[in-house]
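These notes concern the structure reproduced below.
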Amino acid sequence: MIRIAKNKACTVTEAEVFVLRAPLSSPFRIATGQHDFLENVFLRLHLSDGIAGCGEAAVATHITGETVPQTVISLKKVAAKLLGCDISTPLVTGMEFRSYFRGNHAGLAAFEMALLDAYSRSQGMPFWRLFTPQTAPDQPVLKTDVTIVLGSLEEAAEATQRYAGRGFQTFKVKLGRDEELDFRRVLEIRRLAPEVEIVLDANQAFTAEGALRFVKRLVEAGVHPALVEQPVPKKDWDGLKQVTRSLGEMGILVCADESVGSLEEAAHAVRTGSVSAINIKFMKSGILESVEIARLARSAGVQLMIGAMMESALSITAAAHFAGALGCFSFIDIDTTYFIQGELACSPCLDGGGRFDLSGTGPGIGVQFAAG
Ligand SMILES: [Mg+2]
């Protein structure tokens with residue numbers, strides 16, 4: 001699936017690991033915790049032909065348990081070993097170093113992103129060309145949803161009006177700390193933005209019965225969500241299956257996020273019929289395994305969402321290239337730059353209304369930051 005052309009040798013001459021921080025415009029609150037600022041680890045690979053490629057690890061300690069110091073250590077170890085390496089066969093290089101990132105999938109994502117960004121830049125081709133044999137991505141234009149984080153009724157109303165005014169068409173509503181307030185928040189969002197598609201994300205907060213009760217109550221009140229993400233704890237496969245079956249009868253998809261972080265877990269989800277959609281994130285499974293998860297899910301008729309942790313413009317633009325090229329993602333959830341302040345929020349491919357346009361991208365991912 002990954003496209004590899006015959007190419008000139010490109011040797012790594014320098015490998016930098018650095019941490020960048022950025023303030024958020026508002027805390028990113030979900031059921032299991034919150035981000036108050038962005039603090040991500042970056043890997044930049046300089047090649048003998050003068051090209052440099054960059055990758056990002058967005059460490060979400062409250063979700064994955066990974067930490068920034070652990071990610072810095074694993075990336076530095078690999079950075080030292082990459083010096084003098086020829087990366088003109090990036091799949092081989094990717095396989096070779098994969099084992100250094102056991103238990104540190106954000107680090108793996110940064111490594112693979114830097115490798116593939118550097119490689120595609122050295123070949124003079126956009127990042128998306130790695131994932132499609134075609135001359136243009138299936139989806140050169142993608143529209144991301146926007147997240148309404150946990151908060152008060154007033155905060156939900158203010159965010160809804162602001163984002164609806166900017167042209168967002170899908171709202172992903174975080175749930176999970178206060179069921180009654182969540183119910184009122186969703187109704188308020190529907191009232192203020194009657195045309196938008198609503199997706200719910202409980203981040204594991206419900207039992208199967210509780211999730212079904214909540215969604216049925218919403219439907220009775222006139223709100224029909226398109227999808228419910230991770231309603232139950234990640235290891236509650238029976239609960240997930242129960243919710244998927246019941247909501248499936250109402251035409252509502254159920255999506256695994258925390259439950260599926262690897263190809264093995266995706267295979268389990270598909271084999272057991274536990275979900276009708278899977279949220280793929282580079283930070284859970286790296287980039288190369290994400291290709292395999294996408295292929296597996298689509299072969300079984302399972303829908304796909306592309307998602308992100310608290311990632312900067314570099315990483316979400318890479319995800320847009322990936323999803324656009326594969327062309328099989330029904331849900332696009334790569335909106336984190338709208339919560340970040342400063343340079344790390346800027347992608348030349350993304351406008352203020354959630355629209356990624358990949359049609360005019362140059363070599364690589366197309367986003368570069370100065371080291372910290
Ligand atoms: Mg989620």
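Scheme for the structure tokens: letters A, B, ... for chains in order shown; per-chain residue numbers from 1; ligand numbers from 1 in order shown.
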
### Query
Taking the backbone alone, and naming residues the way the document does, which bits of region 179-249 of chain A are strand (DSSP E) by DSSP, as a list in words?
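Of region 179-249 of chain A, the ones in strand (DSSP E) are Glu197, Ile198, Val199, Leu200, Asp201, Leu227, Val228 and Glu229 of chain A.
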
Those selected residues, please, written with N, CA and C atoms and delivered as a PDB file, in the first residue's frame.
ATOM      1  N   GLU A 197     -24.248  17.574  11.851  1.00  0.00           N
ATOM      2  CA  GLU A 197     -24.194  16.159  12.253  1.00  0.00           C
ATOM      3  C   GLU A 197     -23.597  16.101  13.656  1.00  0.00           C
ATOM      4  N   ILE A 198     -24.194  15.265  14.511  1.00  0.00           N
ATOM      5  CA  ILE A 198     -23.692  15.144  15.883  1.00  0.00           C
ATOM      6  C   ILE A 198     -23.090  13.759  16.111  1.00  0.00           C
ATOM      7  N   VAL A 199     -21.864  13.780  16.642  1.00  0.00           N
ATOM      8  CA  VAL A 199     -21.145  12.565  17.019  1.00  0.00           C
ATOM      9  C   VAL A 199     -20.889  12.677  18.512  1.00  0.00           C
ATOM     10  N   LEU A 200     -21.042  11.579  19.248  1.00  0.00           N
ATOM     11  CA  LEU A 200     -20.828  11.613  20.691  1.00  0.00           C
ATOM     12  C   LEU A 200     -19.584  10.806  21.046  1.00  0.00           C
ATOM     13  N   ASP A 201     -18.803  11.298  22.000  1.00  0.00           N
ATOM     14  CA  ASP A 201     -17.634  10.548  22.470  1.00  0.00           C
ATOM     15  C   ASP A 201     -17.631  10.520  23.992  1.00  0.00           C
ATOM     16  N   LEU A 227     -23.026   8.727  15.312  1.00  0.00           N
ATOM     17  CA  LEU A 227     -22.043   7.756  15.832  1.00  0.00           C
ATOM     18  C   LEU A 227     -21.831   7.998  17.317  1.00  0.00           C
ATOM     19  N   VAL A 228     -21.595   6.924  18.046  1.00  0.00           N
ATOM     20  CA  VAL A 228     -21.226   7.029  19.462  1.00  0.00           C
ATOM     21  C   VAL A 228     -19.863   6.368  19.624  1.00  0.00           C
ATOM     22  N   GLU A 229     -18.907   7.147  20.130  1.00  0.00           N
ATOM     23  CA  GLU A 229     -17.542   6.649  20.251  1.00  0.00           C
ATOM     24  C   GLU A 229     -17.247   6.190  21.679  1.00  0.00           C
TER      25      GLU A 229
END

### Message
Neighbouring residues of ligand 1 are defined here as those with any atom at most 8 Å from a ligand atom, counting only C-alpha atoms and all ligand atoms; list them as a ChimeraX atom specification.
### Response
/A:201-203,229-230,256-258,279,307

### Query
Out of A:Thr244, A:Asp238, A:Arg298, A:Glu179, which residue has the shortest atom-to-atom distance to Leu218 (chain A) when counting only C-alpha atoms?
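Comparing A:Thr244, A:Asp238, A:Arg298, A:Glu179 against Leu218 (chain A), the winner is A:Glu179.
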
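Between CA of Ser347 (chain A) and CA of Glu195 (chain A) the separation is 27.5 Å.
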
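With distances restricted to only C-alpha atoms, A:Ala325 is the closest residue to Phe131 (chain A) from A:Ala325, A:Ala294, A:Ala208, A:Ala193.
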
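CA of Thr207 (chain A) is found 17.3 Å from CA of Ile252 (chain A).
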
Using only C-alpha atoms, what does the table of region 237-344 of chain A residues within 12 Å of region 85-94 of chain A look like, with each row giving the shortest atom pair and its distance in Å to one decimal, sorted by chain and ascending number, as JSON lines?
{"residue": "A:Gly286", "atom": "CA", "partner": "A:Gly94", "partner_atom": "CA", "distance": 10.2}
{"residue": "A:Ile287", "atom": "CA", "partner": "A:Gly94", "partner_atom": "CA", "distance": 9.8}
{"residue": "A:Leu288", "atom": "CA", "partner": "A:Gly94", "partner_atom": "CA", "distance": 8.1}
{"residue": "A:Glu289", "atom": "CA", "partner": "A:Gly94", "partner_atom": "CA", "distance": 10.6}

Export, as a short mmCIF file (atom, residue, chain, number, x, y, z; two decimals), in the first residue's frame, the selected residues with C-alpha atoms.
data_model
loop_
_atom_site.label_atom_id
_atom_site.label_comp_id
_atom_site.auth_asym_id
_atom_site.auth_seq_id
_atom_site.Cartn_x
_atom_site.Cartn_y
_atom_site.Cartn_z
CA GLY A 286 2.08 4.53 14.43
CA ILE A 287 1.59 5.20 10.73
CA LEU A 288 2.58 1.92 9.08
CA GLU A 289 0.30 -0.19 11.29
#
